[in-house]
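Asker: File input05.cif follows (mmCIF, C-alpha atoms):
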data_final
#
loop_
_atom_site.group_PDB
_atom_site.id
_atom_site.type_symbol
_atom_site.label_atom_id
_atom_site.label_comp_id
_atom_site.auth_asym_id
_atom_site.auth_seq_id
_atom_site.Cartn_x
_atom_site.Cartn_y
_atom_site.Cartn_z
ATOM 1 C CA MET A 14 -28.662 4.188 12.235
ATOM 2 C CA ALA A 15 -25.988 6.833 12.748
ATOM 3 C CA ASP A 16 -24.002 4.189 14.616
ATOM 4 C CA ALA A 17 -23.691 2.246 11.387
ATOM 5 C CA ILE A 18 -21.522 5.098 10.110
ATOM 6 C CA THR A 19 -19.814 6.381 13.241
ATOM 7 C CA GLY A 20 -19.015 2.970 14.712
ATOM 8 C CA PRO A 21 -16.427 0.590 13.225
ATOM 9 C CA TRP A 22 -17.543 -0.705 9.842
ATOM 10 C CA SER A 23 -18.157 -4.378 9.226
ATOM 11 C CA PRO A 24 -15.038 -6.043 7.831
ATOM 12 C CA TRP A 25 -17.181 -7.734 5.156
ATOM 13 C CA ILE A 26 -18.489 -4.414 3.805
ATOM 14 C CA SER A 27 -15.120 -2.657 4.237
ATOM 15 C CA GLY A 28 -13.336 -5.418 2.336
ATOM 16 C CA ILE A 29 -15.780 -5.120 -0.560
ATOM 17 C CA LEU A 30 -15.351 -1.327 -0.669
ATOM 18 C CA ILE A 31 -11.556 -1.589 -0.591
ATOM 19 C CA GLY A 32 -11.644 -4.272 -3.296
ATOM 20 C CA LEU A 33 -13.667 -1.926 -5.527
ATOM 21 C CA MET A 34 -10.620 0.374 -5.651
ATOM 22 C CA VAL A 35 -9.019 -2.048 -8.120
ATOM 23 C CA PRO A 36 -11.653 -1.876 -10.908
ATOM 24 C CA GLY A 37 -12.477 1.719 -9.907
ATOM 25 C CA LEU A 38 -8.975 2.970 -10.619
ATOM 26 C CA TYR A 39 -8.547 0.847 -13.732
ATOM 27 C CA LEU A 40 -11.867 1.846 -15.297
ATOM 28 C CA ILE A 41 -11.986 5.526 -14.354
ATOM 29 C CA VAL A 42 -8.339 6.549 -14.278
ATOM 30 C CA GLY A 43 -6.783 3.659 -16.223
ATOM 31 C CA ARG A 44 -4.215 3.086 -13.491
ATOM 32 C CA ARG A 45 -3.250 0.221 -11.234
ATOM 33 C CA PHE A 46 -4.159 0.380 -7.542
ATOM 34 C CA GLY A 47 -1.020 0.541 -5.374
ATOM 35 C CA VAL A 48 0.420 2.841 -2.731
ATOM 36 C CA SER A 49 4.077 2.034 -2.067
ATOM 37 C CA SER A 50 5.289 3.363 -5.438
ATOM 38 C CA SER A 51 4.432 6.806 -4.021
ATOM 39 C CA LEU A 52 7.583 6.488 -1.880
ATOM 40 C CA ARG A 53 9.662 6.297 -5.045
ATOM 41 C CA HIS A 54 7.866 9.281 -6.605
ATOM 42 C CA LEU A 55 8.508 11.307 -3.445
ATOM 43 C CA GLY A 56 12.145 10.191 -3.506
ATOM 44 C CA ALA A 57 12.536 11.276 -7.130
ATOM 45 C CA ILE A 58 11.023 14.679 -6.300
ATOM 46 C CA CYS A 59 13.276 15.174 -3.253
ATOM 47 C CA ALA A 60 16.453 13.942 -4.944
ATOM 48 C CA PRO A 61 16.320 14.775 -8.667
ATOM 49 C CA ARG A 62 20.129 14.530 -8.846
ATOM 50 C CA ALA A 63 20.385 11.284 -6.896
ATOM 51 C CA LYS A 64 23.266 8.996 -7.871
ATOM 52 C CA SER A 65 20.943 6.046 -8.258
ATOM 53 C CA ASP A 66 19.203 5.566 -11.598
ATOM 54 C CA TYR A 67 16.234 4.299 -9.633
ATOM 55 C CA LEU A 68 15.461 7.863 -8.551
ATOM 56 C CA ARG A 69 17.291 10.108 -11.034
ATOM 57 C CA LEU A 70 15.794 8.460 -14.125
ATOM 58 C CA HIS A 71 12.374 8.082 -12.611
ATOM 59 C CA ASN A 72 9.863 10.364 -14.276
ATOM 60 C CA TRP A 73 7.543 11.071 -11.348
ATOM 61 C CA ARG A 74 5.433 13.430 -13.449
ATOM 62 C CA GLU A 75 4.019 10.389 -15.256
ATOM 63 C CA HIS A 76 2.823 9.177 -11.875
ATOM 64 C CA LYS A 77 1.330 12.386 -10.500
ATOM 65 C CA TRP A 78 -2.048 10.676 -10.270
ATOM 66 C CA ASN A 79 -0.579 8.369 -7.616
ATOM 67 C CA LEU A 80 0.504 11.282 -5.422
ATOM 68 C CA VAL A 81 -2.922 12.884 -5.902
ATOM 69 C CA PHE A 82 -4.471 9.575 -4.821
ATOM 70 C CA VAL A 83 -2.260 9.563 -1.715
ATOM 71 C CA GLY A 84 -3.247 13.176 -0.977
ATOM 72 C CA GLY A 85 -6.880 12.081 -1.141
ATOM 73 C CA LEU A 86 -6.108 9.124 1.120
ATOM 74 C CA ILE A 87 -4.683 11.408 3.821
ATOM 75 C CA ALA A 88 -7.603 13.835 3.553
ATOM 76 C CA GLY A 89 -10.152 10.999 3.475
ATOM 77 C CA SER A 90 -8.773 9.510 6.660
ATOM 78 C CA PHE A 91 -8.803 12.972 8.271
ATOM 79 C CA ILE A 92 -12.441 13.558 7.320
ATOM 80 C CA ALA A 93 -13.518 10.096 8.449
ATOM 81 C CA SER A 94 -11.730 10.445 11.780
ATOM 82 C CA GLN A 95 -13.052 13.968 12.464
ATOM 83 C CA PHE A 96 -16.611 13.785 11.214
ATOM 84 C CA LEU A 97 -17.603 10.141 10.838
ATOM 85 C CA THR A 98 -16.242 8.637 14.045
ATOM 86 C CA ALA A 99 -18.005 8.945 17.403
ATOM 87 C CA GLU A 100 -15.113 8.163 19.749
ATOM 88 C CA PRO A 101 -11.466 8.881 18.950
ATOM 89 C CA LEU A 102 -9.752 5.688 17.817
ATOM 90 C CA GLU A 103 -6.534 4.533 19.390
ATOM 91 C CA LEU A 104 -4.495 3.833 16.267
ATOM 92 C CA LEU A 105 -1.093 3.214 17.846
ATOM 93 C CA PRO A 106 -0.306 1.997 21.369
ATOM 94 C CA GLU A 107 0.348 4.753 23.909
ATOM 95 C CA ALA A 108 4.017 3.762 24.019
ATOM 96 C CA ALA A 109 4.359 4.960 20.403
ATOM 97 C CA ASN A 110 4.582 8.530 21.643
ATOM 98 C CA THR A 111 7.721 7.966 23.707
ATOM 99 C CA THR A 112 11.254 8.372 22.346
ATOM 100 C CA GLY A 113 11.637 4.599 22.283
ATOM 101 C CA GLY A 114 8.315 4.270 20.478
ATOM 102 C CA VAL A 115 9.246 6.804 17.823
ATOM 103 C CA LEU A 116 12.567 5.024 17.221
ATOM 104 C CA ARG A 117 10.745 1.710 16.978
ATOM 105 C CA LEU A 118 8.292 3.147 14.421
ATOM 106 C CA GLY A 119 11.153 4.706 12.451
ATOM 107 C CA PHE A 120 13.008 1.395 12.367
ATOM 108 C CA GLY A 121 9.883 -0.535 11.395
ATOM 109 C CA GLY A 122 9.112 2.089 8.744
ATOM 110 C CA LEU A 123 12.597 1.645 7.316
ATOM 111 C CA LEU A 124 11.916 -2.078 6.854
ATOM 112 C CA VAL A 125 8.493 -1.347 5.356
ATOM 113 C CA GLY A 126 9.866 1.158 2.811
ATOM 114 C CA PHE A 127 12.883 -0.920 1.884
ATOM 115 C CA GLY A 128 10.932 -4.169 1.726
ATOM 116 C CA ALA A 129 8.000 -2.798 -0.258
ATOM 117 C CA ARG A 130 10.256 -1.302 -2.919
ATOM 118 C CA TYR A 131 12.501 -4.365 -3.083
ATOM 119 C CA ALA A 132 9.459 -6.643 -3.414
ATOM 120 C CA GLY A 133 7.886 -4.334 -6.006
ATOM 121 C CA GLY A 134 4.738 -3.626 -4.043
ATOM 122 C CA CYS A 135 2.960 -3.679 -0.696
ATOM 123 C CA THR A 136 -0.308 -4.953 0.686
ATOM 124 C CA SER A 137 -2.267 -2.918 -1.848
ATOM 125 C CA GLY A 138 -0.092 -3.413 -4.939
ATOM 126 C CA HIS A 139 0.737 -7.079 -4.345
ATOM 127 C CA THR A 140 -1.863 -8.547 -1.980
ATOM 128 C CA ILE A 141 -4.904 -6.764 -3.416
ATOM 129 C CA SER A 142 -4.107 -5.658 -6.997
ATOM 130 C CA GLY A 143 -1.671 -8.467 -7.784
ATOM 131 C CA ILE A 144 -3.645 -11.365 -6.342
ATOM 132 C CA SER A 145 -6.820 -9.982 -7.952
ATOM 133 C CA ASN A 146 -5.045 -10.511 -11.258
ATOM 134 C CA LEU A 147 -3.723 -13.912 -10.053
ATOM 135 C CA ASN A 148 -0.145 -12.670 -10.465
ATOM 136 C CA PRO A 149 2.108 -15.498 -9.149
ATOM 137 C CA ALA A 150 4.750 -13.060 -7.833
ATOM 138 C CA SER A 151 2.084 -11.283 -5.763
ATOM 139 C CA ILE A 152 0.971 -14.549 -4.177
ATOM 140 C CA VAL A 153 4.609 -15.275 -3.234
ATOM 141 C CA ALA A 154 4.996 -11.705 -1.935
ATOM 142 C CA THR A 155 1.924 -12.046 0.258
ATOM 143 C CA VAL A 156 3.194 -15.300 1.748
ATOM 144 C CA ALA A 157 6.510 -13.494 2.399
ATOM 145 C CA PHE A 158 4.726 -10.519 4.053
ATOM 146 C CA PHE A 159 2.938 -12.877 6.448
ATOM 147 C CA THR A 160 6.081 -14.908 7.064
ATOM 148 C CA GLY A 161 7.933 -11.770 8.161
ATOM 149 C CA GLY A 162 5.007 -10.626 10.276
ATOM 150 C CA LEU A 163 4.543 -13.984 11.979
ATOM 151 C CA ILE A 164 8.278 -14.383 12.701
ATOM 152 C CA THR A 165 8.271 -10.955 14.324
ATOM 153 C CA THR A 166 5.051 -11.336 16.291
ATOM 154 C CA TRP A 167 5.859 -14.800 17.631
ATOM 155 C CA GLY A 168 9.656 -14.907 17.610
ATOM 156 C CA LEU A 169 11.133 -11.409 17.700
ATOM 157 C CA THR A 170 8.806 -10.186 20.420
ATOM 158 C CA PHE A 171 11.333 -7.626 21.696
ATOM 159 C CA LEU A 172 10.604 -5.640 18.518
ATOM 160 C CA ILE A 173 6.880 -5.430 19.305
ATOM 161 C CA PHE A 174 5.225 -2.761 21.475
ATOM 162 C CA MET B 25 16.172 -10.890 -12.972
ATOM 163 C CA ASP B 26 18.050 -8.242 -14.929
ATOM 164 C CA ILE B 27 17.555 -4.769 -13.492
ATOM 165 C CA GLU B 28 17.097 -3.255 -16.967
ATOM 166 C CA VAL B 29 14.196 -5.617 -17.602
ATOM 167 C CA LEU B 30 12.647 -4.585 -14.297
ATOM 168 C CA GLU B 31 13.027 -0.957 -15.279
ATOM 169 C CA GLU B 32 11.164 -1.228 -18.572
ATOM 170 C CA SER B 33 7.642 -1.356 -17.300
ATOM 171 C CA PRO B 34 6.823 1.037 -14.468
ATOM 172 C CA ILE B 35 3.523 -0.430 -13.435
ATOM 173 C CA SER B 36 1.772 2.670 -12.197
ATOM 174 C CA SER B 37 1.893 4.706 -15.402
ATOM 175 C CA GLY B 38 -0.167 4.557 -18.583
ATOM 176 C CA PRO B 39 -1.640 6.747 -21.316
ATOM 177 C CA PRO B 40 -1.828 10.504 -20.523
ATOM 178 C CA LEU B 41 -4.664 11.513 -18.239
ATOM 179 C CA ARG B 42 -7.309 14.158 -18.728
ATOM 180 C CA PRO B 43 -7.421 16.824 -16.038
ATOM 181 C CA TRP B 44 -10.694 15.531 -14.560
ATOM 182 C CA GLN B 45 -9.087 12.137 -14.034
ATOM 183 C CA TYR B 46 -6.864 13.724 -11.407
ATOM 184 C CA GLY B 47 -10.078 14.737 -9.668
ATOM 185 C CA ALA B 48 -11.196 11.125 -9.921
ATOM 186 C CA SER B 49 -7.878 9.965 -8.402
ATOM 187 C CA LEU B 50 -8.394 12.405 -5.561
ATOM 188 C CA THR B 51 -11.955 11.211 -5.004
ATOM 189 C CA LEU B 52 -10.962 7.544 -5.027
ATOM 190 C CA GLY B 53 -8.128 8.400 -2.624
ATOM 191 C CA LEU B 54 -10.593 10.163 -0.298
ATOM 192 C CA LEU B 55 -12.820 7.099 -0.309
ATOM 193 C CA PHE B 56 -9.895 4.736 0.231
ATOM 194 C CA GLY B 57 -8.657 6.805 3.181
ATOM 195 C CA GLY B 58 -12.141 6.776 4.688
ATOM 196 C CA PHE B 59 -12.463 2.998 4.201
ATOM 197 C CA LEU B 60 -9.052 2.369 5.809
ATOM 198 C CA LEU B 61 -10.015 4.398 8.860
ATOM 199 C CA LYS B 62 -13.579 3.134 9.252
ATOM 200 C CA SER B 63 -12.605 -0.512 8.795
ATOM 201 C CA GLU B 64 -9.954 0.024 11.516
ATOM 202 C CA VAL B 65 -7.318 -1.830 9.498
ATOM 203 C CA ILE B 66 -4.929 1.008 10.360
ATOM 204 C CA ARG B 67 -5.096 0.222 14.092
ATOM 205 C CA TRP B 68 -2.004 -1.380 15.579
ATOM 206 C CA GLU B 69 -4.162 -3.677 17.702
ATOM 207 C CA ARG B 70 -5.963 -5.085 14.653
ATOM 208 C CA ILE B 71 -2.709 -5.947 12.899
ATOM 209 C CA ASN B 72 -1.278 -7.493 16.050
ATOM 210 C CA ARG B 73 -4.411 -9.609 16.561
ATOM 211 C CA MET B 74 -4.210 -10.717 12.940
ATOM 212 C CA PHE B 75 -0.657 -12.003 13.382
ATOM 213 C CA ARG B 76 -1.697 -13.641 16.669
ATOM 214 C CA PHE B 77 -4.725 -15.238 14.952
ATOM 215 C CA GLU B 78 -6.889 -13.763 17.702
ATOM 216 C CA GLU B 79 -9.584 -12.293 15.469
ATOM 217 C CA PRO B 80 -10.596 -12.749 11.831
ATOM 218 C CA HIS B 81 -11.184 -9.011 11.194
ATOM 219 C CA MET B 82 -8.127 -8.323 8.991
ATOM 220 C CA PHE B 83 -8.425 -11.626 7.168
ATOM 221 C CA ILE B 84 -12.050 -10.835 6.299
ATOM 222 C CA VAL B 85 -11.185 -7.336 5.019
ATOM 223 C CA ILE B 86 -8.264 -8.549 2.895
ATOM 224 C CA GLY B 87 -10.156 -11.664 1.811
ATOM 225 C CA MET B 88 -13.228 -9.709 0.718
ATOM 226 C CA ALA B 89 -11.099 -7.170 -1.149
ATOM 227 C CA ILE B 90 -9.534 -10.023 -3.112
ATOM 228 C CA ALA B 91 -12.936 -11.700 -3.525
ATOM 229 C CA VAL B 92 -14.136 -8.511 -5.240
ATOM 230 C CA GLY B 93 -10.886 -7.941 -7.101
ATOM 231 C CA ILE B 94 -10.587 -11.346 -8.768
ATOM 232 C CA PRO B 95 -13.955 -11.321 -10.593
ATOM 233 C CA SER B 96 -13.472 -7.618 -11.432
ATOM 234 C CA MET B 97 -10.158 -8.333 -13.117
ATOM 235 C CA TRP B 98 -11.598 -11.391 -14.817
ATOM 236 C CA LEU B 99 -14.451 -9.328 -16.248
ATOM 237 C CA ILE B 100 -12.109 -6.513 -17.328
ATOM 238 C CA LYS B 101 -9.933 -9.000 -19.216
ATOM 239 C CA ARG B 102 -12.774 -11.179 -20.506
ATOM 240 C CA PHE B 103 -14.590 -8.233 -22.094
ATOM 241 C CA GLU B 104 -11.432 -6.266 -22.851
ATOM 242 C CA ALA B 105 -12.999 -3.393 -20.951
ATOM 243 C CA ARG B 106 -11.748 0.095 -21.705
ATOM 244 C CA THR B 107 -11.460 3.058 -19.402
ATOM 245 C CA VAL B 108 -14.293 5.575 -19.374
ATOM 246 C CA THR B 109 -12.188 7.665 -21.773
ATOM 247 C CA GLY B 110 -11.987 4.731 -24.195
ATOM 248 C CA GLU B 111 -8.328 3.903 -23.556
ATOM 249 C CA GLN B 112 -7.062 0.366 -23.346
ATOM 250 C CA ILE B 113 -6.444 -0.681 -19.751
ATOM 251 C CA PRO B 114 -2.738 -1.337 -19.242
ATOM 252 C CA ILE B 115 -2.748 -4.358 -16.917
ATOM 253 C CA LYS B 116 0.772 -4.811 -15.590
ATOM 254 C CA ASP B 117 1.888 -6.592 -12.456
ATOM 255 C CA PRO B 118 5.215 -6.582 -10.620
ATOM 256 C CA PRO B 119 7.255 -9.511 -12.008
ATOM 257 C CA PHE B 120 8.797 -12.272 -9.941
ATOM 258 C CA GLN B 121 12.387 -11.633 -8.826
ATOM 259 C CA LYS B 122 14.291 -12.598 -5.688
ATOM 260 C CA GLY B 123 13.312 -9.319 -3.992
ATOM 261 C CA VAL B 124 9.712 -10.517 -3.874
ATOM 262 C CA ILE B 125 10.864 -12.991 -1.205
ATOM 263 C CA TYR B 126 13.680 -11.063 0.554
ATOM 264 C CA GLY B 127 11.919 -7.719 0.353
ATOM 265 C CA GLY B 128 8.598 -9.333 1.172
ATOM 266 C CA VAL B 129 9.848 -10.865 4.423
ATOM 267 C CA THR B 130 11.589 -7.592 5.389
ATOM 268 C CA PHE B 131 8.351 -5.747 4.729
ATOM 269 C CA GLY B 132 6.438 -8.222 6.895
ATOM 270 C CA VAL B 133 8.777 -7.617 9.846
ATOM 271 C CA GLY B 134 8.196 -3.861 9.543
ATOM 272 C CA TRP B 135 4.458 -4.363 9.126
ATOM 273 C CA ALA B 136 4.248 -6.291 12.407
ATOM 274 C CA ILE B 137 6.272 -3.612 14.250
ATOM 275 C CA THR B 138 4.501 -0.503 12.947
ATOM 276 C CA ALA B 139 1.088 -1.933 12.033
ATOM 277 C CA ALA B 140 1.411 0.077 8.872
ATOM 278 C CA CYS B 141 1.969 -0.765 5.280
ATOM 279 C CA PRO B 142 2.303 2.327 3.065
ATOM 280 C CA GLY B 143 -1.448 3.084 2.682
ATOM 281 C CA PRO B 144 -2.091 2.959 6.432
ATOM 282 C CA ILE B 145 0.988 5.116 7.183
ATOM 283 C CA TYR B 146 -0.639 7.960 5.243
ATOM 284 C CA ALA B 147 -4.045 7.218 6.748
ATOM 285 C CA GLN B 148 -2.667 7.248 10.302
ATOM 286 C CA ILE B 149 -1.076 10.638 9.657
ATOM 287 C CA GLY B 150 -4.336 11.948 8.169
ATOM 288 C CA ALA B 151 -6.204 10.795 11.261
ATOM 289 C CA GLY B 152 -3.878 12.874 13.423
ATOM 290 C CA GLU B 153 -1.632 10.088 14.707
ATOM 291 C CA PHE B 154 1.537 12.118 14.430
ATOM 292 C CA ALA B 155 3.823 9.364 15.717
ATOM 293 C CA ALA B 156 3.203 7.812 12.292
ATOM 294 C CA LEU B 157 5.344 10.615 10.824
ATOM 295 C CA ALA B 158 8.257 8.594 12.234
ATOM 296 C CA THR B 159 7.017 5.565 10.291
ATOM 297 C CA LEU B 160 6.798 7.657 7.122
ATOM 298 C CA ALA B 161 10.286 9.098 7.647
ATOM 299 C CA GLY B 162 11.545 5.544 8.130
ATOM 300 C CA ALA B 163 9.750 4.319 5.009
ATOM 301 C CA LEU B 164 11.263 7.118 2.912
ATOM 302 C CA GLY B 165 14.659 6.264 4.389
ATOM 303 C CA GLY B 166 14.114 2.604 3.504
ATOM 304 C CA MET B 167 13.209 3.577 -0.058
ATOM 305 C CA PHE B 168 16.422 5.664 -0.301
ATOM 306 C CA ILE B 169 18.489 2.751 1.053
ATOM 307 C CA TYR B 170 16.906 0.482 -1.531
ATOM 308 C CA SER B 171 17.654 2.969 -4.321
ATOM 309 C CA ILE B 172 21.334 2.991 -3.323
ATOM 310 C CA LEU B 173 21.767 -0.749 -2.716
ATOM 311 C CA ARG B 174 19.635 -1.767 -5.683
ATOM 312 C CA PRO B 175 22.442 -2.538 -8.150
ATOM 313 C CA ARG B 176 24.067 -4.819 -5.572
ATOM 314 C CA LEU B 177 20.977 -6.647 -4.355
ATOM 315 C CA PRO B 178 19.918 -9.979 -5.870
ATOM 316 C CA HIS B 179 16.916 -9.505 -8.165
#
Take the structure in the file and write it out as structure tokens.
Answerer:
Amino acid sequence: MADAITGPWSPWISGILIGLMVPGLYLIVGRRFGVSSSLRHLGAICAPRAKSDYLRLHNWREHKWNLVFVGGLIAGSFIASQFLTAEPLELLPEAANTTGGVLRLGFGGLLVGFGARYAGGCTSGHTISGISNLNPASIVATVAFFTGGLITTWGLTFLIF
Amino acid sequence: MDIEVLEESPISSGPPLRPWQYGASLTLGLLFGGFLLKSEVIRWERINRMFRFEEPHMFIVIGMAIAVGIPSMWLIKRFEARTVTGEQIPIKDPPFQKGVIYGGVTFGVGWAITAACPGPIYAQIGAGEFAALATLAGALGGMFIYSILRPRLPH
């Protein structure tokens, strides 16, 4: 029985639980489920006098809930990894901890941050929240996410660990 | 699309929150972080196997999340559901503009390299995978680059 918790969770159950974030946030907090906007809030906090309107005019205080949500996300993952997981999970390949690996992650992260903000959302904001509301732009975004991922995995293999 | 039009509706804000709703945000965040870790969708191997079509794991997780999300949103709209505090629910989605395609593909490339979209970056860090701090630094850098190039990018 304990294995049901400490082992990997069924993707069917996990998917349902993750999907419940959408109505959960809307009904309890009145906010839309999405994570990548937190990057913009952090940017506006770090650079209140930025030249770009995108950061300088952004009122991050209106979005504090999102940063609180992200804080919870970090803590939740910590708790689950420390207390609800039997064997330590290998999240990233071993090579990630080399200089080359760190540079690779930094470069990939750059594309993730730039792309998510340019597209107006990420896997949570577009693929889950947006498609749940049948938002056409989110369906296009999701096709684009997979296109980029497939091109890289199958074609640009030198970028992959 | 005109940048001013894009600017008008920040999609993650809404009516002012009561203090306890920040506690609710924290709690939902805790749960989400736990779900991301326990479902293993933050593991590099899972993302790689998804893009290689080697296992259905990721597709099931994402598919089920949408399968729950669609009827939830339908019900919320159909019954004009209000929040527990009685506020109207501001349903806003990111609009279509050219960045959805260009940014989307760029994002996908980064996703395949790092195995992390923004939620998982935070979750990997929480789980003690400190190499993911490099991914986060990159993502913040990418956001800054976007903020600077934004007026010159096609939208």
Asker: Have a look at CA of Ile71 (chain B) and CA of Ala136 (chain B) and let me know their distance in Å, one decimal.
Answerer: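 Going from CA of Ile71 (chain B) over to CA of Ala136 (chain B), I get 7.0 Å.
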Asker: Find the residue from B:Pro114, B:Gly132, B:Gly152, B:Pro144 that sits nearest to chain A; use all atoms listed in the file when measuring.
Answerer: B:Gly132
Asker: Figure out the distance between CA of Arg70 (chain B) and CA of Met167 (chain B), please, to one decimal in Å.
Answerer: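 Rounded to one decimal, the two atoms are 25.7 Å apart.
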Asker: Take CA of Leu38 (chain A) and CA of Leu55 (chain B) and report the distance between them in Å, one decimal.
Answerer: 11.8 Å
Asker: Could you tell me which residues the PyMOL selection byres ((chain B and resi 149) around 10) grabs in this file, written as a short mmCIF file (atom, residue, chain, number, x, y, z; two decimals) with C-alpha atoms, in the coordinates of the input?
Answerer:
data_model
loop_
_atom_site.label_atom_id
_atom_site.label_comp_id
_atom_site.auth_asym_id
_atom_site.auth_seq_id
_atom_site.Cartn_x
_atom_site.Cartn_y
_atom_site.Cartn_z
CA ILE A 87 -4.68 11.41 3.82
CA ALA A 88 -7.60 13.84 3.55
CA SER A 90 -8.77 9.51 6.66
CA PHE A 91 -8.80 12.97 8.27
CA PRO B 144 -2.09 2.96 6.43
CA ILE B 145 0.99 5.12 7.18
CA TYR B 146 -0.64 7.96 5.24
CA ALA B 147 -4.04 7.22 6.75
CA GLN B 148 -2.67 7.25 10.30
CA GLY B 150 -4.34 11.95 8.17
CA ALA B 151 -6.20 10.80 11.26
CA GLY B 152 -3.88 12.87 13.42
CA GLU B 153 -1.63 10.09 14.71
CA PHE B 154 1.54 12.12 14.43
CA ALA B 155 3.82 9.36 15.72
CA ALA B 156 3.20 7.81 12.29
CA LEU B 157 5.34 10.62 10.82
CA ALA B 158 8.26 8.59 12.23
CA THR B 159 7.02 5.56 10.29
CA LEU B 160 6.80 7.66 7.12
#
Asker: Written as a ChimeraX atom specification, what is the full residue list that the PyMOL selection byres ((chain B and resi 128) around 12) yields on the file shown?
Answerer: /A:124-136,139-140,150-162 /B:120-127,129-135,141
Asker: Determine the nearest neighbour of chain A from the options B:Leu99, B:Leu173, B:Val85, B:Val65, counting all atoms listed in the file.
Answerer: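 Closest to chain A of all the choices is B:Val85.
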Asker: Take the PyMOL selection byres ((chain A and resi 27-32) around 12), run it mentally on this structure, and tell me the resulting residues as a ChimeraX atom specification.
Answerer: /A:18,21-26,33-38,46-47,136-138,140-145 /B:52-65,81-97,143
Asker: Mind checking which residues fall within 9 Å of Asn79 (chain A), counting all atoms listed in the file, ignoring those fewer than 6 positions away in the same chain, and posting them as a list in words?
Answerer: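 Near neighbours after the sequence-gap exclusion: Arg44, Phe46, Gly47, Val48, Ser50, Ser51 and His54 of chain A; Ser36, Ser37 and Ser49 of chain B.
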Asker: Name the closest residue to Glu75 (chain A) among the candidates A:Thr111, A:Gly122, A:Leu116, A:Ala57; distances are taken between atoms, counting all atoms listed in the file.
Answerer: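 Of all the options, A:Ala57 lies closest to Glu75 (chain A).
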Asker: Please determine, counting all atoms listed in the file, which residue among B:Lys101, B:Lys116, B:Arg73, B:Arg67 has the shortest atom-to-atom distance to chain A.
Answerer: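 Of B:Lys101, B:Lys116, B:Arg73, B:Arg67, the one nearest chain A, counting all atoms listed in the file, is B:Arg67.
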Asker: Work out where the centre of an axis-aligned box around every listed atom of region 160-172 of chain A lies and how long its edges are once 5 Å is added on each side; give both in Å to one decimal as lines of an AutoDock Vina configuration file.
Answerer:
center_x = 7.9
center_y = -10.3
center_z = 14.4
size_x = 16.8
size_y = 19.3
size_z = 24.6
Asker: Restricting the calculation to all atoms listed in the file, which member of B:Thr107, B:Glu69, B:Pro175, B:Arg42 is positioned closest to chain A?
Answerer: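 Nearest to chain A: B:Thr107.
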Asker: Tell me which residues come within 12 Å of (0.2, 12.8, -10.9), as number ranges by chain, counting all atoms listed in the file in the file's coordinates.
Answerer: A: 42, 44, 51, 54-55, 58, 72-84; B: 36-38, 40-50
Asker: Between A:Leu123, A:Leu97, A:Ala63, A:Arg117, which has the minimum distance to chain B (counting all atoms listed in the file)?
Answerer: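 The answer is A:Leu123, which sits nearest to chain B.
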Asker: So that I can see what lies close to Gly114 (chain A), please list as a PyMOL selection string the residues with an atom at most 10 Å from it, counting all atoms listed in the file and leaving out residues fewer than 6 positions away in the same chain.
Answerer: (chain A and resi 105-108+120+173-174) or (chain B and resi 138+155+158)
Asker: Can you write just those residues out, C-alpha atoms, as a PDB file, in the coordinates of the input?
Answerer:
ATOM      1  CA  LEU A 105      -1.093   3.214  17.846  1.00  0.00           C
ATOM      2  CA  PRO A 106      -0.306   1.997  21.369  1.00  0.00           C
ATOM      3  CA  GLU A 107       0.348   4.753  23.909  1.00  0.00           C
ATOM      4  CA  ALA A 108       4.017   3.762  24.019  1.00  0.00           C
ATOM      5  CA  PHE A 120      13.008   1.395  12.367  1.00  0.00           C
ATOM      6  CA  ILE A 173       6.880  -5.430  19.305  1.00  0.00           C
ATOM      7  CA  PHE A 174       5.225  -2.761  21.475  1.00  0.00           C
TER       8      PHE A 174
ATOM      9  CA  THR B 138       4.501  -0.503  12.947  1.00  0.00           C
ATOM     10  CA  ALA B 155       3.823   9.364  15.717  1.00  0.00           C
ATOM     11  CA  ALA B 158       8.257   8.594  12.234  1.00  0.00           C
TER      12      ALA B 158
END
Asker: I'd like the contact shell of Ser171 (chain B) - 10 Å cut-off, only C-alpha atoms, skipping same-chain residues fewer than 5 positions apart - returned as a list in words.
Answerer: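 Neighbouring residues, sequence-local ones excluded: Arg53, Gly56, Ala63, Lys64, Ser65, Asp66, Tyr67, Leu68, Arg69, Phe127, Arg130 and Tyr131 of chain A; Gly165 and Gly166 of chain B.
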